[in-house]
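Undergrad: Sharing a structure below in structure tokens format, with a few things to ask.
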Amino acid sequence: MSMFGLGTVLLISAATGTYGVAGTVSAAGSLCYAVSAPRIARLVDTHGQRRVLRPLLAIFAVSTAALIAAVQLQAPTWAFFAPGAIAGATMPSLGTMVRTRWSALLTGSPLLHTAFSFESVADELCFVIGPAAVTLLATEVFPAAGVGAAALLCLAGTLWFTAQRRTEPPVMRAEGPGARTAKAKGAAAPGLVVLAPVYLLLGAMFVSIDLSTVSFAQHFGHKPLAGFILGTYALGSATGGLWYGSRQWRAPVENRFAVTLVLTVIGEATFWAQPNLIALTCCIYLCGLTIAPTLIAGFSLLEAQAKPGRRTEAMSWLSSGIGVGLALGASVVGFIIDGHGPRAGYVFAAACGAASAVTCLLGLRRLRSPALLPHD
């Protein structure tokens with residue numbers, strides 16, 4: 001997952017020479033992922049992870065192959081959108097399903113906080129390796145190598161994951177003719193009214209940083225280094241996640257979420273002013289220290305508020321929020337970079353981050369709930 005979006009941008013930009021088209025195709029995939037993820041998660045809650053993931057994986061693999069073929073055969077740019085959108089819609093959301101397994105195993109235990117922290121650190125390590133690997137593959141081997149490697153890793157990883165039957169959460173069966181309808185009504189968790197838009201704006205900020213960093217490195221004549229710089233961002237996040245997850249906190253989780261989010265935005269707002277790649281790398285590492293703690297706190301908030309039988313769906317809405325943000329951000333920032341350069345892209349990222357922090361602070365009271373205390 002850490003390779004696919006950036007790999008798509010690198011593949012299409014190499015073929016078309018523009019970040020605008022590449023970002024828009026990537027945005028289509030992210031938007032379709034955002035729309036499909038909660039519906040797929042509801043199917044998972046009803047039918048089980050294994051039964052849903054395997055057919056989903058087959059569609060993802062075929063559509064990714066079609067996207068690569070369309071670009072390599074120099075098809076019209078409009079032909080990139082259908083396979084890109086289908087691939088985005090069907091990419092397995094394993095992060096959500098792993099956290100659902102931990103939640104089912106450790107509900108009510110203080111170890112759940114540690115488990116969520118562990119998963120966030122593992123994610124960040126993937127985001128250390130992924131961007132660097134996909135950038136090298138796409139720029140030094142051939143443009144399709146990055147997306148192709150990402151698809152193969154997704155295929156192998158999902159098959160391995162679905163083979164782990166012992167930890168798969170039990171299916172929540174409806175208990176009466178009207179039970180399933182009642183279960184589907186309303187939000188999967190009350191806090192989503194605040195967390196979903198916050199994560200949407202964070203998604204726009206993240207993708208703007210990614211594309212701006214690629215363009216910034218290219219501006220200085222070192223485009224292959226973009227992956228390493230983004231990997232440093234994830235390394236900082238992993239460092240912060242290890243520190244955060246190893247502690248037991250007394251402060252309410254919603255307050256921690258707000259504080260780490262604000263610190264993240266303050267750090268990111270300095271990217272546009274960095275004079276060179278070395279300064280940007282140092283700054284991006286320090287800013288990354290608060291990313292994982294923010295995401296850990298967000299998942300903890302939502303896990304505590306999720307309605308019975310809708311845990312996977314509730315967590316998937318955070319991924320969907322980020323997906324919509326990725327779509328909107330990529331479709332806008334690509335044209336900003338084409339027209340005004342990478343520093344303008346960083347300014348757009350800062351604006352998205354500031355909006356997410358304001359949204360969180362205005363809705364902080366809605367995130368407070370007595371139900372959160374026993375879980376964290």
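The chains in the structure tokens are called A, B, ... from first to last as shown; in each chain the residues are counted from 1, and the ligands are counted from 1 in the order shown.
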Got a sec: who's within 8 Å of Val198 (chain A), counting only C-alpha atoms, leaving out chain neighbours fewer than 3 positions off, as a list of chain:residue names?
TA: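 Using only C-alpha atoms, the neighbours found are A:Val194, A:Leu195, A:Leu201, A:Leu202, A:Gly321, A:Ser356, A:Ala357, A:Thr359, A:Cys360.
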Undergrad: The selected residues should be written to file as a short mmCIF file (atom, residue, chain, number, x, y, z; two decimals), in the first residue's frame (atoms: all heavy atoms).
TA:
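As a result, selection.cif now contains:
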data_model
loop_
_atom_site.label_atom_id
_atom_site.label_comp_id
_atom_site.auth_asym_id
_atom_site.auth_seq_id
_atom_site.Cartn_x
_atom_site.Cartn_y
_atom_site.Cartn_z
N VAL A 194 -16.62 13.76 13.37
CA VAL A 194 -15.44 14.61 13.48
C VAL A 194 -14.23 13.95 12.83
O VAL A 194 -13.49 14.57 12.06
CB VAL A 194 -15.13 14.95 14.95
CG1 VAL A 194 -13.84 15.75 15.06
CG2 VAL A 194 -16.27 15.71 15.59
N LEU A 195 -14.03 12.67 13.14
CA LEU A 195 -12.81 12.00 12.69
C LEU A 195 -12.75 11.84 11.17
O LEU A 195 -11.67 11.94 10.58
CB LEU A 195 -12.70 10.63 13.35
CG LEU A 195 -12.40 10.64 14.86
CD1 LEU A 195 -12.45 9.23 15.42
CD2 LEU A 195 -11.04 11.27 15.13
N LEU A 201 -8.84 15.51 5.46
CA LEU A 201 -7.89 16.61 5.29
C LEU A 201 -6.46 16.14 5.51
O LEU A 201 -5.53 16.62 4.84
CB LEU A 201 -8.25 17.74 6.25
CG LEU A 201 -9.56 18.47 5.91
CD1 LEU A 201 -10.08 19.27 7.10
CD2 LEU A 201 -9.36 19.38 4.70
N LEU A 202 -6.26 15.19 6.42
CA LEU A 202 -4.93 14.62 6.59
C LEU A 202 -4.49 13.88 5.33
O LEU A 202 -3.32 13.95 4.93
CB LEU A 202 -4.91 13.67 7.79
CG LEU A 202 -4.82 14.30 9.18
CD1 LEU A 202 -4.88 13.21 10.25
CD2 LEU A 202 -3.55 15.12 9.33
N GLY A 321 -11.82 8.10 4.75
CA GLY A 321 -11.57 9.54 4.86
C GLY A 321 -10.22 9.92 4.28
O GLY A 321 -10.11 10.88 3.50
N SER A 356 -7.47 20.56 9.05
CA SER A 356 -7.75 19.36 9.84
C SER A 356 -7.64 19.64 11.33
O SER A 356 -8.44 19.16 12.14
CB SER A 356 -6.78 18.23 9.45
OG SER A 356 -5.48 18.47 9.91
N ALA A 357 -6.63 20.45 11.72
CA ALA A 357 -6.46 20.78 13.14
C ALA A 357 -7.64 21.61 13.65
O ALA A 357 -8.15 21.37 14.76
CB ALA A 357 -5.15 21.54 13.34
N THR A 359 -10.70 21.63 12.45
CA THR A 359 -11.86 20.74 12.51
C THR A 359 -11.85 19.89 13.78
O THR A 359 -12.87 19.72 14.45
CB THR A 359 -11.90 19.81 11.29
OG1 THR A 359 -11.92 20.61 10.10
CG2 THR A 359 -13.12 18.91 11.30
N CYS A 360 -10.67 19.37 14.12
CA CYS A 360 -10.54 18.56 15.34
C CYS A 360 -10.84 19.37 16.59
O CYS A 360 -11.60 18.94 17.46
CB CYS A 360 -9.13 17.97 15.41
SG CYS A 360 -8.77 17.09 16.94
#
Undergrad: Run DSSP on the backbone and grab whatever in region 214-342 of chain A lands in helix (DSSP H, G or I); send it over as a ChimeraX atom specification.
TA: /A:214-219,223-245,253-268,271-273,277-288,291-305,311-340,342
Undergrad: Leaving out Val171 (chain A) and any residue of its chain fewer than 2 positions from it, which residues lie within 9 Å of it when counting only C-alpha atoms, given as a PyMOL selection string?
TA: chain A and resi 44-49+168-169+173+309
Undergrad: Mind pulling up the distance from CA of Val333 (chain A) to CA of Thr77 (chain A)?
TA: 18.6 Å
Undergrad: Could you list, as a PyMOL selection string, every residue within 9 Å of Gly148 (chain A), counting only C-alpha atoms and ignoring same-chain residues fewer than 3 positions away?
TA: chain A and resi 4+7+64-65+68+144-145+151-153
Undergrad: As an mmCIF file with C-alpha atoms, in the first residue's frame, please: the residues near region 27-38 of chain A (cut-off 8 Å, only C-alpha atoms, same-chain neighbours under 2 positions excluded).
TA:
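What ended up in result.cif:
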data_model
loop_
_atom_site.group_PDB
_atom_site.id
_atom_site.type_symbol
_atom_site.label_atom_id
_atom_site.label_comp_id
_atom_site.auth_asym_id
_atom_site.auth_seq_id
_atom_site.Cartn_x
_atom_site.Cartn_y
_atom_site.Cartn_z
ATOM 1 C CA GLY A 23 -2.211 12.755 -9.868
ATOM 2 C CA THR A 24 -5.739 12.688 -11.273
ATOM 3 C CA VAL A 25 -5.562 8.976 -12.127
ATOM 4 C CA ILE A 40 -16.465 -4.057 1.713
ATOM 5 C CA ALA A 41 -15.911 -3.783 5.461
ATOM 6 C CA ARG A 42 -19.627 -4.347 6.050
ATOM 7 C CA PHE A 81 -8.859 5.904 -15.470
ATOM 8 C CA GLY A 84 -6.877 2.780 -12.066
ATOM 9 C CA ALA A 85 -10.259 3.306 -10.440
ATOM 10 C CA ILE A 86 -11.041 -0.435 -10.218
ATOM 11 C CA ALA A 87 -7.606 -1.200 -8.769
ATOM 12 C CA GLY A 88 -8.109 1.488 -6.145
ATOM 13 C CA ALA A 89 -11.599 0.254 -5.272
ATOM 14 C CA THR A 90 -10.465 -3.341 -4.790
ATOM 15 C CA MET A 91 -7.117 -2.937 -3.036
ATOM 16 C CA SER A 93 -7.569 -2.842 3.296
ATOM 17 C CA GLU A 313 -16.805 -0.866 9.129
ATOM 18 C CA ALA A 314 -16.108 1.861 11.709
ATOM 19 C CA SER A 316 -12.679 1.480 7.496
ATOM 20 C CA TRP A 317 -14.289 4.934 7.528
ATOM 21 C CA SER A 319 -9.251 4.726 5.741
ATOM 22 C CA SER A 320 -12.032 6.046 3.513
ATOM 23 C CA GLY A 321 -11.570 9.542 4.862
ATOM 24 C CA ILE A 322 -7.888 9.388 4.047
ATOM 25 C CA GLY A 323 -8.760 7.915 0.630
ATOM 26 C CA VAL A 324 -11.068 10.803 -0.273
ATOM 27 C CA LEU A 326 -5.799 11.476 -1.214
ATOM 28 C CA ALA A 327 -8.113 11.765 -4.211
ATOM 29 C CA LEU A 328 -8.926 15.428 -3.724
ATOM 30 C CA GLY A 329 -5.387 16.360 -2.763
ATOM 31 C CA ALA A 330 -3.745 14.506 -5.649
ATOM 32 C CA SER A 331 -6.146 15.949 -8.224
#
Undergrad: What gap, in Å, lies between CA of Thr167 (chain A) and CA of Leu111 (chain A)?
TA: 16.2 Å
Undergrad: So how far away is CA of Phe118 (chain A) from CA of Thr239 (chain A), in Å?
TA: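 Computing the Euclidean distance for CA of Thr239 (chain A) and CA of Phe118 (chain A) yields 11.3 Å.
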Undergrad: From the set A:Ala163, A:Leu289, A:Cys283, A:Ala15, which residue has the shortest atom-to-atom contact distance to Thr264 (chain A), counting only C-alpha atoms?
TA: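 Smallest distance to Thr264 (chain A) is found for A:Leu289.
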Undergrad: Find the residue from A:Leu11, A:Leu235, A:Ala344, A:Leu277 that sits nearest to Ser212 (chain A); use only C-alpha atoms when measuring.
TA: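 Comparing A:Leu11, A:Leu235, A:Ala344, A:Leu277 against Ser212 (chain A), the winner is A:Ala344.
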Undergrad: Identify which of the residues A:Ala269, A:Leu302, A:Leu280, A:Leu136 lies closest to Phe348 (chain A), counting only C-alpha atoms when measuring atom-to-atom distances.
TA: A:Ala269
Undergrad: Which is closer to Ser2 (chain A) than all the others in A:Val207, A:Ile291, A:Ala58, A:Val98, using only C-alpha atoms?
TA: A:Val207
Undergrad: If we count only C-alpha atoms, what is near region 365-368 of chain A at a cut-off of 12 Å, once residues fewer than 6 positions away on the same chain are taken out, given as an NGL selection string?
TA: :A and (189-196 or 252-258 or 297-298 or 300-302 or 304-305 or 359)
Undergrad: Give me the residues within 12 Å of Pro293 (chain A) as a VMD selection string, counting only C-alpha atoms and dropping any in the same chain fewer than 6 places off.
TA: chain A and resid 113 to 114 116 to 121 124 236 to 247 249 253 to 264 287 299 to 300
Undergrad: Nearest to Phe206 (chain A) among A:Ala234, A:Ala66, A:Ala279, A:Ala349, with distances taken over only C-alpha atoms: which residue is it?
TA: A:Ala349
